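Notes to accompany the following structure.
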Amino acid sequence: MPTYEYNCKNHGSFTSNASINDFDQPQDCPECGIASPRNLLSAPQISFNGGKRPAAQKEGKGVTVKHHAGCSCCS
């Protein structure tokens with residue numbers, strides 16, 4: 001389920017999960033409970049499997065990626 005950013009007029013921005021069908025519906029601020037509109041300038045954060053990568057967590061079954069010579073992540 002995507003995470004969207006909402007903007008409470010009293011407490012500022014906060015994030016909340018909402019279904020794609022309800023992305024434009026206000027969500028209650030966790031601080032005061034006031035229905036707050038979605039901040040339309042932010043992109044949704046989507047996480048599959050709760051952010052876990054099962055293949056990479058299994059012993060000896062990690063994902064191997066070959067990078068080009070001189071890549072910045074391997075030097």
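A note on labels: chains of the structure tokens are A, B, ... as shown, every chain counts residues from 1, and ligands are counted from 1 in their shown order.
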Could you name the residues that touch region 25-28 of chain A at 8 Å or less, counting only C-alpha atoms, but leaving out those on the same chain fewer than 2 positions away, as a ChimeraX atom specification?
-> /A:6,16,22-23,30,32-38
Atoms kept (N, CA and C atoms) for selection, written as a PDB file, in the first residue's frame:
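And here is the file that came out, again_4.pdb:
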ATOM      1  N   TYR A   6       0.578  14.057   3.747  1.00  0.00           N
ATOM      2  CA  TYR A   6      -0.584  14.916   3.988  1.00  0.00           C
ATOM      3  C   TYR A   6      -0.116  16.145   4.751  1.00  0.00           C
ATOM      4  N   SER A  16       0.984   8.831   5.681  1.00  0.00           N
ATOM      5  CA  SER A  16      -0.018   7.831   6.030  1.00  0.00           C
ATOM      6  C   SER A  16      -0.192   6.885   4.849  1.00  0.00           C
ATOM      7  N   ASP A  22      -8.050   5.501  -2.711  1.00  0.00           N
ATOM      8  CA  ASP A  22      -8.349   6.558  -1.745  1.00  0.00           C
ATOM      9  C   ASP A  22      -7.238   7.596  -1.640  1.00  0.00           C
ATOM     10  N   PHE A  23      -6.349   7.654  -2.640  1.00  0.00           N
ATOM     11  CA  PHE A  23      -5.187   8.533  -2.543  1.00  0.00           C
ATOM     12  C   PHE A  23      -5.559  10.005  -2.379  1.00  0.00           C
ATOM     13  N   PRO A  30      -2.238  12.524  12.917  1.00  0.00           N
ATOM     14  CA  PRO A  30      -1.982  11.695  14.100  1.00  0.00           C
ATOM     15  C   PRO A  30      -1.867  12.510  15.387  1.00  0.00           C
ATOM     16  N   CYS A  32      -3.654  15.702  16.075  1.00  0.00           N
ATOM     17  CA  CYS A  32      -4.897  16.351  16.515  1.00  0.00           C
ATOM     18  C   CYS A  32      -6.166  15.708  15.969  1.00  0.00           C
ATOM     19  N   GLY A  33      -6.039  14.818  14.983  1.00  0.00           N
ATOM     20  CA  GLY A  33      -7.212  14.129  14.448  1.00  0.00           C
ATOM     21  C   GLY A  33      -7.981  14.897  13.395  1.00  0.00           C
ATOM     22  N   ILE A  34      -7.517  16.090  13.010  1.00  0.00           N
ATOM     23  CA  ILE A  34      -8.202  16.877  11.983  1.00  0.00           C
ATOM     24  C   ILE A  34      -7.956  16.248  10.614  1.00  0.00           C
ATOM     25  N   ALA A  35      -9.030  16.126   9.808  1.00  0.00           N
ATOM     26  CA  ALA A  35      -8.900  15.605   8.446  1.00  0.00           C
ATOM     27  C   ALA A  35      -8.015  16.559   7.650  1.00  0.00           C
ATOM     28  N   SER A  36      -6.942  16.025   7.080  1.00  0.00           N
ATOM     29  CA  SER A  36      -5.949  16.847   6.391  1.00  0.00           C
ATOM     30  C   SER A  36      -5.823  16.413   4.942  1.00  0.00           C
ATOM     31  N   PRO A  37      -5.722  17.366   4.023  1.00  0.00           N
ATOM     32  CA  PRO A  37      -5.620  17.028   2.600  1.00  0.00           C
ATOM     33  C   PRO A  37      -4.246  16.480   2.250  1.00  0.00           C
ATOM     34  N   ARG A  38      -4.199  15.754   1.161  1.00  0.00           N
ATOM     35  CA  ARG A  38      -2.936  15.205   0.679  1.00  0.00           C
ATOM     36  C   ARG A  38      -2.085  16.325   0.107  1.00  0.00           C
TER      37      ARG A  38
END
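Across the structure, CA of Asn39 (chain A) and CA of Glu5 (chain A) are spaced 5.5 Å apart.
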Could you jot down the CA of Met1 (chain A) to CA of Asn21 (chain A) separation for me, Å, one decimal place?
->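 Calculated distance between CA of Met1 (chain A) and CA of Asn21 (chain A) is 10.5 Å.
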CA of Leu40 (chain A) to CA of Asn10 (chain A), distance in Å rounded to a single decimal =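 Those two atoms sit 17.8 Å apart.
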Nearby residues (only C-alpha atoms) at most 8 Å from Ala18 (chain A), same-chain spacing under 6 positions excluded, as a PyMOL selection string = chain A and resi 1-4
Just the selected residues (N, CA and C atoms), exported as a PDB file, in the first residue's frame, please.
ATOM      1  N   MET A   1       0.856  -1.168   0.000  1.00  0.00           N
ATOM      2  CA  MET A   1       0.000   0.000   0.000  1.00  0.00           C
ATOM      3  C   MET A   1       0.902   1.231   0.000  1.00  0.00           C
ATOM      4  N   PRO A   2       0.656   2.176  -0.893  1.00  0.00           N
ATOM      5  CA  PRO A   2       1.503   3.369  -0.977  1.00  0.00           C
ATOM      6  C   PRO A   2       1.391   4.253   0.260  1.00  0.00           C
ATOM      7  N   THR A   3       2.467   4.959   0.530  1.00  0.00           N
ATOM      8  CA  THR A   3       2.502   5.948   1.601  1.00  0.00           C
ATOM      9  C   THR A   3       2.443   7.326   0.957  1.00  0.00           C
ATOM     10  N   TYR A   4       1.505   8.152   1.409  1.00  0.00           N
ATOM     11  CA  TYR A   4       1.347   9.492   0.873  1.00  0.00           C
ATOM     12  C   TYR A   4       1.632  10.515   1.959  1.00  0.00           C
TER      13      TYR A   4
END
